[in-house]
Amino acid sequence: MSISSRNDCGSGLRAAIPVLKLRNATLQAIRKFFADRQFVEVETPVRIPAPALELHIDAVPCDGEYLRTSPELHMKRLLAAGCDRIFQIGPCFRRHERGRIHNPEYTMLEWYRANADYHDILVDMRVLIKAVAREVIGGTSVVVRGTTVELGGEWEYRTVSDAFAHYAGWKPELMFDADRFDLDMVEKVEPALQQRGCPVVLADYPADCAALARRKPGDDKVAERWELYVGGIEIANAFSELVDPVEQRQRFLECAARRSAGGREVYPTDEGFLEALAGMPPSAGVALGVDRLVMLLAGLDSLDQVLPFRSPVG
Amino acid sequence: MYDASDLRKGLKVEIEGVPYDIVDFSFVKPGKGQAMYNCKLKNMISGSVITRTFRSADKLDQPKLEERKLTYSYAEADSFVFMDEDYEQVSLKEDALGRGRFFLAENMEVKVLFHGSRPIEVIFPTWVEKEVMETEPGARGNTATNVLKPAKLAGGYELQVPLFVNIGDIVRVDTRTGEYADRVRKT
């Protein structure tokens with residue numbers, strides 16, 4: 001690939017200046033939001049020995065360690081140490097993820113609240129999105145692939161079970177089928193969400209998709225996890241955090257076995273994290289893709305238009 | 001065999017015995033879910049387009065496609081006989097050739113894409129020259145190329161030509177579109 005076919009020089013970069021300014025305004029508005037609420041901005045290591053074990057997230061190796069796929073494990077150490085409101089904005093890396101709304105290197109906003117659950121953190125999210133939109137684009141309407149989405153009004157909240165029953169004709173939490181779940185999500189559920197004129201929160205994922213979320217008290221078939229969709233594009237993922245080190249270790253072990261069976265690399269278990277988890281208060285956390293948020297606020301369709309230095313491969 | 005991660009625009013794959021050309025391709029991955037590849041595929045035989053999502057673990061067959069250079073020899077009752085580079089006779093039916101059958105001339109070289117033993121596309125030389133056998137008399141002096149009239153060429157192909165074209169003229173036809181390109185010789 002010759003360098004001249006890229007857009008990271010000359011006129012390509014000049015064309016990117018408006019979106020760079022919009023990104024700058026977005027980051028300033030995010031920081032103001034958290035400063036107003038006495039959150040502490042933190043930085044945690046980008047190169048780490050033990051990225052979180054997740055079935056479908058692969059880390060980029062780096063000098064005997066890995067580039068983080070998320071700042072989660074270190075931010076939870078800070079929660080356990082007594083930081084009760086923290087946020088971080090920084091790069092994360094996920095191997096082989098490249099598409100219209102994926103890039104192997106991207107900017108994540110992640111925040112946590114101690115003594116809170118996934119409903120509390122949804123309140124933060126609604127206020128944040130409205131405040132950032134007003135600050136950055138002077139209003140709360142965005143157009144996503146031809147559909148106008150009103151960020152400032154009511155948000156639709158529906159369970160994963162309800163959305164799948166409605167759009168795909170089955171209830172995944174009753175008899176989970178991972179392949180069918182993923183296929184129906186991209187072929188049936190997400191395309192339906194693309195038509196919605198308001199943000200949609202999909203909540204209570206099947207326990208098999210819990211990742212690092214706790215199971216719902218009283219209904220352990222589902223986990224306290226939600227995802228936020230705007231115009232059918234997923235921009236954030238939230239949990240009531242699992243704070244039980246025994247169950248967390250068990251999940252890591254199961255995930256390691258499944259990764260191993262699938263011929264995928266198994267990362268070391270982060271013992272420091274598991275140790276810290278024992279002292280972590282009940283907490284909620286959420287991760288938001290900043291590049292996708294900038295894309296939506298700018299009314300753009302692809303990260304190609306958002307990331308001027310995006311590599312054509314990867 | 002292809003892995004799903006090999007998929008890209010322009011790649012040809014085989015599904016249930018049918019060759020497909022990937023005309024559009026996108027990487028999708030729902031939150032915490034597996035990587036998948038959403039493809040628009042064009043059926044290389046019927047031309048219809050389907051949409052399919054493949055999982056990373058999916059394997060796809062490679063279609064047995066072969067392009068052969070054939071030289072036209074002669075016509076039989078319901079087929080056209082060609083010679084391949086090893087001087088083997090290859091017979092193609094009328095429907096495999098489409099309108100191109102009108103453009104055939106002895107010793108003309110064509111490229112034929114075969115799926116197994118089935119010819120699915122015949123590529124003719126881009127330009128062919130043919131004599132005009134039938135048309136209304138030309139309007140002398142009218143050099144406009146945007147006013148057209150019907151004409152029949154040697155071999156029986158019918159098309160639209162400008163008013164100034166006469167019987168006995170040699171015209172050039174674009175085999176990709178089947179349309180008149182220009183007049184190469186006047187009677």
# chains A, B, ... in the order shown; residues from 1 in each chain; ligands from 1

call {"tool": "closest_atom_pairs", "arguments": {"of": "segment 116-214 of chain A", "to": "segment 73-93 of chain A", "cutoff": "12 Å", "atoms": "only C-alpha atoms", "output": "tab-separated table"}}
result
residue	atom	partner	partner_atom	distance
A:Ala116	CA	A:Asp84	CA	9.7
A:Ile121	CA	A:Arg85	CA	11.1
A:Asp124	CA	A:Arg85	CA	11.7
A:Leu212	CA	A:Leu73	CA	10.0

call {"tool": "write_last_selection", "arguments": {"atoms": "C-alpha atoms", "output": "CSV table (one decimal), in the first residue's frame"}}
result
chain,number,residue,atom,x,y,z
A,116,ALA,CA,-24.6,2.2,42.2
A,121,ILE,CA,-25.4,4.6,35.4
A,124,ASP,CA,-25.6,9.4,33.9
A,212,LEU,CA,-18.1,-9.0,33.8

call {"tool": "closest_atom_pairs", "arguments": {"of": "chain A", "to": "chain B", "cutoff": "8 Å", "atoms": "only C-alpha atoms", "output": "JSON lines"}}
result
{"residue": "A:Glu54", "atom": "CA", "partner": "B:Lys32", "partner_atom": "CA", "distance": 7.8}
{"residue": "A:Leu55", "atom": "CA", "partner": "B:Lys32", "partner_atom": "CA", "distance": 7.9}
{"residue": "A:His56", "atom": "CA", "partner": "B:Gln34", "partner_atom": "CA", "distance": 5.4}
{"residue": "A:Ile57", "atom": "CA", "partner": "B:Lys32", "partner_atom": "CA", "distance": 7.2}
{"residue": "A:Glu97", "atom": "CA", "partner": "B:Ala35", "partner_atom": "CA", "distance": 7.8}
{"residue": "A:Arg98", "atom": "CA", "partner": "B:Phe27", "partner_atom": "CA", "distance": 6.7}
{"residue": "A:Gly99", "atom": "CA", "partner": "B:Phe27", "partner_atom": "CA", "distance": 4.9}
{"residue": "A:Arg100", "atom": "CA", "partner": "B:Ser26", "partner_atom": "CA", "distance": 7.2}
{"residue": "A:Asp182", "atom": "CA", "partner": "B:Gly33", "partner_atom": "CA", "distance": 6.1}
{"residue": "A:Leu183", "atom": "CA", "partner": "B:Thr53", "partner_atom": "CA", "distance": 7.2}
{"residue": "A:Met185", "atom": "CA", "partner": "B:Pro30", "partner_atom": "CA", "distance": 7.1}
{"residue": "A:Val186", "atom": "CA", "partner": "B:Pro30", "partner_atom": "CA", "distance": 6.7}
{"residue": "A:Glu187", "atom": "CA", "partner": "B:Thr53", "partner_atom": "CA", "distance": 7.7}
{"residue": "A:Cys209", "atom": "CA", "partner": "B:Lys32", "partner_atom": "CA", "distance": 7.4}
{"residue": "A:Ala211", "atom": "CA", "partner": "B:Lys32", "partner_atom": "CA", "distance": 7.7}
{"residue": "A:Glu227", "atom": "CA", "partner": "B:Gly31", "partner_atom": "CA", "distance": 7.8}
{"residue": "A:Glu234", "atom": "CA", "partner": "B:Gly31", "partner_atom": "CA", "distance": 7.3}
{"residue": "A:Asn237", "atom": "CA", "partner": "B:Gly31", "partner_atom": "CA", "distance": 7.5}

call {"tool": "write_last_selection", "arguments": {"atoms": "C-alpha atoms", "output": "PDB file, in the first residue's frame"}}
result
ATOM      1  CA  GLU A  54     -13.594 -12.488  26.923  1.00  0.00           C
ATOM      2  CA  LEU A  55     -14.623 -15.054  24.379  1.00  0.00           C
ATOM      3  CA  HIS A  56     -14.639 -12.782  21.340  1.00  0.00           C
ATOM      4  CA  ILE A  57     -12.169 -10.044  22.190  1.00  0.00           C
ATOM      5  CA  GLU A  97     -11.680  -5.570  14.343  1.00  0.00           C
ATOM      6  CA  ARG A  98     -11.982  -3.373  11.301  1.00  0.00           C
ATOM      7  CA  GLY A  99     -15.132  -2.304   9.494  1.00  0.00           C
ATOM      8  CA  ARG A 100     -17.432   0.624   8.943  1.00  0.00           C
ATOM      9  CA  ASP A 182     -25.242 -13.212  17.263  1.00  0.00           C
ATOM     10  CA  LEU A 183     -26.732 -13.793  13.806  1.00  0.00           C
ATOM     11  CA  MET A 185     -28.733  -9.637  16.572  1.00  0.00           C
ATOM     12  CA  VAL A 186     -27.062  -8.367  13.384  1.00  0.00           C
ATOM     13  CA  GLU A 187     -29.670  -9.577  10.879  1.00  0.00           C
ATOM     14  CA  CYS A 209     -23.426 -12.930  27.575  1.00  0.00           C
ATOM     15  CA  ALA A 211     -19.046 -10.898  30.550  1.00  0.00           C
ATOM     16  CA  GLU A 227     -26.215  -1.602  25.563  1.00  0.00           C
ATOM     17  CA  GLU A 234     -24.165   0.356  19.416  1.00  0.00           C
ATOM     18  CA  ASN A 237     -22.069  -1.124  27.122  1.00  0.00           C
TER      19      ASN A 237
END

call {"tool": "select_by_dssp", "arguments": {"residues": "segment 179-304 of chain A", "states": "helix (DSSP H, G or I)", "output": "number ranges by chain"}}
result
A: 179-193, 207-209, 245-261, 271-277, 290-297, 303-304

call {"tool": "select_by_dssp", "arguments": {"residues": "segment 6-52 of chain B", "states": "strand (DSSP E)", "output": "number ranges by chain"}}
result
B: 12-15, 18-28, 36-43, 49-52

call {"tool": "atom_distance", "arguments": {"atom1": "atom CA of Val13 of chain B", "atom2": "atom CA of Leu60 of chain B"}}
result
6.5 Å

call {"tool": "atom_distance", "arguments": {"atom1": "atom CA of Asp182 of chain B", "atom2": "atom CA of Leu97 of chain B"}}
result
23.6 Å

call {"tool": "decode", "arguments": {"residues": "segment 87-106 of chain B", "atoms": "N, CA and C atoms", "output": "compact mmCIF listing (two decimals), in the first residue's frame"}}
result
# COMPACT_ATOMS: atom_id res chain seq x y z
N TYR B 87 -6.76 -27.92 -29.44
CA TYR B 87 -7.47 -28.36 -30.65
C TYR B 87 -8.57 -29.38 -30.34
N GLU B 88 -9.11 -29.29 -29.13
CA GLU B 88 -10.29 -30.11 -28.79
C GLU B 88 -11.52 -29.30 -29.18
N GLN B 89 -12.54 -30.01 -29.67
CA GLN B 89 -13.78 -29.32 -30.02
C GLN B 89 -14.62 -29.06 -28.77
N VAL B 90 -15.16 -27.85 -28.69
CA VAL B 90 -16.05 -27.49 -27.59
C VAL B 90 -17.31 -26.91 -28.21
N SER B 91 -18.44 -27.45 -27.79
CA SER B 91 -19.69 -27.02 -28.40
C SER B 91 -20.49 -26.18 -27.40
N LEU B 92 -20.90 -24.98 -27.79
CA LEU B 92 -21.68 -24.11 -26.90
C LEU B 92 -23.09 -23.92 -27.46
N LYS B 93 -24.06 -23.97 -26.56
CA LYS B 93 -25.45 -23.79 -26.98
C LYS B 93 -25.75 -22.31 -27.18
N GLU B 94 -26.83 -22.06 -27.89
CA GLU B 94 -27.22 -20.70 -28.22
C GLU B 94 -27.40 -19.82 -26.98
N ASP B 95 -28.03 -20.40 -25.90
CA ASP B 95 -28.32 -19.56 -24.73
C ASP B 95 -27.06 -19.20 -23.95
N ALA B 96 -25.99 -19.96 -24.11
CA ALA B 96 -24.73 -19.61 -23.44
C ALA B 96 -24.09 -18.40 -24.11
N LEU B 97 -24.39 -18.20 -25.39
CA LEU B 97 -23.75 -17.13 -26.15
C LEU B 97 -24.56 -15.84 -26.14
N GLY B 98 -25.87 -15.92 -25.90
CA GLY B 98 -26.70 -14.72 -25.91
C GLY B 98 -26.62 -14.02 -27.26
N ARG B 99 -26.69 -12.70 -27.22
CA ARG B 99 -26.68 -11.96 -28.49
C ARG B 99 -25.34 -12.08 -29.20
N GLY B 100 -24.32 -12.51 -28.43
CA GLY B 100 -22.99 -12.64 -29.02
C GLY B 100 -22.94 -13.59 -30.18
N ARG B 101 -23.95 -14.50 -30.27
CA ARG B 101 -23.93 -15.47 -31.37
C ARG B 101 -23.97 -14.77 -32.72
N PHE B 102 -24.56 -13.56 -32.75
CA PHE B 102 -24.64 -12.83 -34.03
C PHE B 102 -23.28 -12.27 -34.44
N PHE B 103 -22.37 -12.15 -33.50
CA PHE B 103 -21.10 -11.49 -33.79
C PHE B 103 -20.01 -12.48 -34.20
N LEU B 104 -20.31 -13.77 -34.06
CA LEU B 104 -19.28 -14.77 -34.33
C LEU B 104 -18.83 -14.71 -35.78
N ALA B 105 -17.54 -14.90 -35.97
CA ALA B 105 -16.99 -15.00 -37.33
C ALA B 105 -15.91 -16.07 -37.25
N GLU B 106 -15.68 -16.72 -38.35
CA GLU B 106 -14.74 -17.83 -38.34
C GLU B 106 -13.38 -17.37 -37.80
